[in-house]
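Visitor: To start, I am sharing the structure in question, which I have written as structure tokens.
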Amino acid sequence: MSDDVLRIRTPIGIKYQYSAGPRVSSHLLGLMEGRFVGKRCPVCELVYMPPRNGTCAKCGALLGEDVEVSQRGTITTFCVVNVPFLGQTIKIPYVSATILLDGADMGMQHLIQEVDAADVRMGMRVEPVWRPREEWQPSLENVMHFRPTGEPDAPFDSYAGHL
Amino acid sequence: MAERCAVIGVGQTQHTSCRADVSIAGLVREAVDRALESAQLTMADIDAIVIGKAPDMLEGVMMPELWLVDSLAAAGKPVFRVHTAGSVGGSTAIVAAQHVMSGVHKRVLTVGFEKQSDGNAMWALSVPMPFGMPVHAGAGGYFSPIIRSYIKRSGAPAHIGCMVAVKDRTNACRNPYAHLHEPDWTLEKAMASPMLWDPVRMVETCPSSDGAMALVLASEDVADAHDGPKAWVHATAMRSEPTSFAGRNQVSPKASEDCANDLWRKAGITSPIDEIDAVEMYVPFAWFEPMWLESLGFAPKDHGWRFVEDGVTEMTGRLPVNCSGGVLSTNPIGASGMLRFGEAAMQVMGIAGEHQVDSVRKAFGHAYGGGSQFFAMWVVGKDKP
């Protein structure tokens, strides 16, 4: 390696201003009230929770009516994160899970706690643990984590179509 | 009816974790010079340049193509940049081929590159999304739950991922350009590799690499006059889908299946496993080999892992997959797709050296990117299509 090639370190940062749009607002306002509000596609009738883009990717339709889904759901799949990385905010090891709330037709990513990582299973039933109300923002971070409800596991067939 | 097009030049850099000896421009130029030499052309002969790289945030350099015009000797020529996340190397090669197949250009240079040591891809892939829960942990954190779904659905035994990893790392030892040269892997040693993103072990993940790959694509008259090996482009296909939507099949996305079906139809291939002699498949996490074997139609549903277990995808097997060592041994993200496309062409051209498969008539190159949502594929062959 030649000595005349120099490397310098120049950190960068980015600040965003994010416009949620009318079809995502009701979901965010719901979170401010401790509720999970999704939206139904008027064509295929599937419920998007969260309704990320305001549209149904399959039908191309604008999402329609608000649908409040259950506070309980099923872990469809998950991983145990053991790797440290820059910007990490959660202590490792932690379980990052896809949770299908009852009444929703798509999973959302969240954290599983109050159970040993080795005991987390696909099909495990979970419920949210909300932060104190005074800390609520329009964000899924209002839920600190999900924890097991102790109900029997959901059968594989009940969520196999959501993997 | 599209014009015929052939790969007549292939050039890649030495891939490694940190090419501190060159800038991005120098890295790109190294691959370009080698591709031109193999095509027996000079910069002056090139009509147009098509370049691709992974998202700018991964290196922290916005629009490097502005600065690379000089190093590509592209002043006064059309430059086209392609951008489809990790699949970009594949879709860039396809766009370059289309420059020729359209009849507009006769000699097109295409290059994919990434200098991961100049940035921090893990950070760039873990930026919190607004209003969401910041549980994401890089590409491994995204893909390992999908792998868990595949394992559960298919009933695959736990050692399949390690079998793929050992195969690809062993193959890489025959490829002088590969980043990792680790000849000592055994299944037993791999199974003891630490769990990074359970169920994904460290050995089952790809390295972070600096590297570039360049190809020269030529029209039929130019390729006919070329006194050297060539690989004819038989068919290309691209498809996309959103990252998440209700009812999405994440293990075998519809865009992947549609893209493969379209490719086989265009290439006139009815039984991929019987008609393809070598495969270069985008496998950044080992378990994606059996997953893509099924999604692409090489193996029946839930049987991809049996192909791995039976040695079908070994270099000496019925369907050799990633004889170059694949993404698991070399991952300059923006170049990784073009490495798959280029290595497929090299197998057809008979220039793959120590990792050459015997008598390859048709080879398959594959890339995917984003959250398994962008797909690019081609079939190249020894004979004209």
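Order determines the names: the first chain of the structure tokens is A, the second B, and so forth; residues in each chain are numbered 1 upward, and ligands are numbered 1 upward as they are shown.
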Apply DSSP to the structure's backbone, then extract all residues of region 40-276 of chain B labelled alpha helix (DSSP H) and return them as a ChimeraX atom specification.

Guide: /B:65-71,88-101,121-124,138-154,160-172,187-191,220-225,254-267,272-275

Visitor: Would you pick out the contacts of Pro84 (chain A) at 9 Å or less, using only C-alpha atoms, so that residues sharing its chain but fewer than 3 positions from it are not included, and give the list as a ChimeraX atom specification?

Guide: /A:81,88,91-93 /B:137

Visitor: Near chain A, which residues of chain B fall within 9 Å when you count only C-alpha atoms, and what do they look like as JSON, numbers by chain?

Guide: {"B": [20, 21, 22, 23, 60, 118, 120, 122, 123, 126, 127, 130, 131, 132, 133, 134, 135, 136, 137, 138, 140, 141, 142, 143, 144, 145, 146, 148, 149, 150, 152, 153, 195, 196, 197, 198, 199, 200, 241, 242, 244, 245, 246, 247, 248, 249, 250, 251]}

Visitor: Take the selection from the previous step and output its residues with C-alpha atoms, as an mmCIF file, in the first residue's frame.

Guide:
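Output file again.cif follows:
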```cif
data_model
loop_
_atom_site.group_PDB
_atom_site.id
_atom_site.type_symbol
_atom_site.label_atom_id
_atom_site.label_comp_id
_atom_site.auth_asym_id
_atom_site.auth_seq_id
_atom_site.Cartn_x
_atom_site.Cartn_y
_atom_site.Cartn_z
ATOM 1 C CA ALA B 20 -7.225 1.814 0.916
ATOM 2 C CA ASP B 21 -4.821 1.941 -2.034
ATOM 3 C CA VAL B 22 -7.415 3.465 -4.377
ATOM 4 C CA SER B 23 -10.266 5.982 -4.405
ATOM 5 C CA GLY B 60 -22.072 8.496 2.333
ATOM 6 C CA ASP B 118 -15.670 4.277 2.867
ATOM 7 C CA ASN B 120 -21.087 2.138 7.152
ATOM 8 C CA MET B 122 -25.008 -1.491 8.763
ATOM 9 C CA TRP B 123 -25.758 2.005 10.077
ATOM 10 C CA SER B 126 -30.711 0.589 10.416
ATOM 11 C CA VAL B 127 -31.916 4.212 10.331
ATOM 12 C CA PRO B 130 -40.590 7.832 11.462
ATOM 13 C CA PHE B 131 -43.318 6.725 13.895
ATOM 14 C CA GLY B 132 -42.068 3.131 13.955
ATOM 15 C CA MET B 133 -40.279 1.041 16.529
ATOM 16 C CA PRO B 134 -36.482 1.092 16.019
ATOM 17 C CA VAL B 135 -35.955 -2.678 16.282
ATOM 18 C CA HIS B 136 -34.290 -3.091 12.901
ATOM 19 C CA ALA B 137 -30.698 -4.274 12.963
ATOM 20 C CA GLY B 138 -29.264 -4.111 9.471
ATOM 21 C CA GLY B 140 -29.501 -9.535 8.926
ATOM 22 C CA GLY B 141 -32.206 -8.248 11.256
ATOM 23 C CA TYR B 142 -34.522 -7.858 8.289
ATOM 24 C CA PHE B 143 -33.883 -11.184 6.572
ATOM 25 C CA SER B 144 -33.438 -13.605 9.463
ATOM 26 C CA PRO B 145 -37.162 -13.646 10.472
ATOM 27 C CA ILE B 146 -37.953 -14.493 6.833
ATOM 28 C CA ARG B 148 -37.076 -18.565 10.188
ATOM 29 C CA SER B 149 -40.391 -18.614 8.307
ATOM 30 C CA TYR B 150 -38.808 -20.693 5.511
ATOM 31 C CA LYS B 152 -40.623 -23.648 9.709
ATOM 32 C CA ARG B 153 -42.642 -23.913 6.506
ATOM 33 C CA MET B 195 -25.513 -16.718 16.199
ATOM 34 C CA LEU B 196 -25.635 -13.075 15.091
ATOM 35 C CA TRP B 197 -29.290 -12.807 14.227
ATOM 36 C CA ASP B 198 -30.740 -16.098 15.472
ATOM 37 C CA PRO B 199 -31.415 -18.262 13.331
ATOM 38 C CA VAL B 200 -28.579 -16.800 11.223
ATOM 39 C CA GLU B 241 -42.890 -5.025 -5.472
ATOM 40 C CA PRO B 242 -43.381 -2.970 -2.276
ATOM 41 C CA SER B 244 -44.643 -4.715 2.842
ATOM 42 C CA PHE B 245 -48.307 -5.188 2.086
ATOM 43 C CA ALA B 246 -51.182 -7.244 3.399
ATOM 44 C CA GLY B 247 -50.878 -10.901 2.429
ATOM 45 C CA ARG B 248 -47.337 -10.551 1.060
ATOM 46 C CA ASN B 249 -45.356 -13.762 0.662
ATOM 47 C CA GLN B 250 -41.970 -12.676 1.996
ATOM 48 C CA VAL B 251 -40.297 -16.078 1.608
#
```

Visitor: DSSP on the backbone: which residues in region 78-268 of chain B end up as strand (DSSP E)? Give the answer as an mmCIF file with C-alpha atoms, in the first residue's frame.

Guide:
```
data_model
loop_
_atom_site.group_PDB
_atom_site.id
_atom_site.type_symbol
_atom_site.label_atom_id
_atom_site.label_comp_id
_atom_site.auth_asym_id
_atom_site.auth_seq_id
_atom_site.Cartn_x
_atom_site.Cartn_y
_atom_site.Cartn_z
ATOM 1 C CA VAL B 79 -24.009 8.131 -18.996
ATOM 2 C CA PHE B 80 -26.975 6.382 -17.425
ATOM 3 C CA ARG B 81 -27.196 5.467 -13.733
ATOM 4 C CA VAL B 82 -29.401 2.628 -12.511
ATOM 5 C CA ARG B 107 -20.513 -1.019 -27.736
ATOM 6 C CA VAL B 108 -21.710 -0.309 -24.210
ATOM 7 C CA LEU B 109 -19.594 -0.326 -21.058
ATOM 8 C CA THR B 110 -21.364 -1.149 -17.805
ATOM 9 C CA VAL B 111 -19.930 -1.070 -14.298
ATOM 10 C CA GLY B 112 -21.138 -1.764 -10.762
ATOM 11 C CA PHE B 113 -19.113 -0.836 -7.707
ATOM 12 C CA GLU B 114 -19.094 -0.345 -3.954
ATOM 13 C CA LYS B 115 -16.456 0.790 -1.511
ATOM 14 C CA MET B 195 -25.513 -16.718 16.199
ATOM 15 C CA LEU B 196 -25.635 -13.075 15.091
ATOM 16 C CA TRP B 197 -29.290 -12.807 14.227
ATOM 17 C CA ASP B 198 -30.740 -16.098 15.472
ATOM 18 C CA VAL B 200 -28.579 -16.800 11.223
ATOM 19 C CA ARG B 201 -24.996 -17.669 12.160
ATOM 20 C CA ASP B 210 -14.697 -3.091 -1.676
ATOM 21 C CA GLY B 211 -14.844 -4.001 -5.329
ATOM 22 C CA ALA B 212 -16.101 -3.350 -8.835
ATOM 23 C CA MET B 213 -17.211 -5.364 -11.856
ATOM 24 C CA ALA B 214 -17.399 -4.148 -15.457
ATOM 25 C CA LEU B 215 -18.774 -5.708 -18.639
ATOM 26 C CA VAL B 216 -18.627 -4.740 -22.289
ATOM 27 C CA LEU B 217 -21.795 -5.499 -24.237
ATOM 28 C CA ALA B 218 -21.776 -5.511 -28.010
ATOM 29 C CA SER B 219 -24.181 -5.660 -30.931
ATOM 30 C CA ALA B 231 -21.725 -14.888 -24.104
ATOM 31 C CA TRP B 232 -24.956 -14.172 -25.959
ATOM 32 C CA VAL B 233 -27.778 -12.603 -23.962
ATOM 33 C CA HIS B 234 -30.735 -14.973 -24.388
ATOM 34 C CA ALA B 235 -33.219 -13.218 -22.121
ATOM 35 C CA THR B 236 -33.475 -10.617 -19.361
ATOM 36 C CA ALA B 237 -36.229 -9.845 -16.841
ATOM 37 C CA MET B 238 -36.849 -7.399 -13.998
ATOM 38 C CA ARG B 239 -39.704 -7.111 -11.483
ATOM 39 C CA SER B 240 -40.447 -5.015 -8.366
#
```

Visitor: I'd like the interatomic distance between CA of Gln116 (chain B) and CA of Lys189 (chain B), to a tenth of an Å.

Guide: 27.7 Å

Visitor: State, in Å with one decimal place, the distance from CA of Thr330 (chain B) to CA of Ser209 (chain B).

Guide: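 Taking CA of Thr330 (chain B) and CA of Ser209 (chain B), their separation equals 6.2 Å.
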
Visitor: So that I can check the surroundings of region 321-326 of chain B, please list as a ChimeraX atom specification every protein, DNA and RNA residue that reaches within 9 Å of it, counting only C-alpha atoms and ignoring chain neighbours fewer than 2 positions away.

Guide: /B:167-175,177-178,180,278-284,289,312-315,317,319,328-331,336,339-340,343,352,355-357

Visitor: Take CA of Gly123 (chain A) and CA of His303 (chain B) and report the distance between them in Å, one decimal.

Guide: 23.7 Å

Visitor: Please determine, counting only C-alpha atoms, which residue among B:Ser91, B:Ser117, B:Thr84, B:Ser17 has the shortest atom-to-atom distance to Met338 (chain B).

Guide: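 Using only C-alpha atoms, the shortest distance to Met338 (chain B) belongs to B:Ser91.
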
Visitor: Which residue, B:Ala85, B:Ala93, B:Val69, B:Ala158, has the smallest gap to Val50 (chain B) when you use only C-alpha atoms?

Guide: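 Counting only C-alpha atoms, the residue closest to Val50 (chain B) is B:Ala93.
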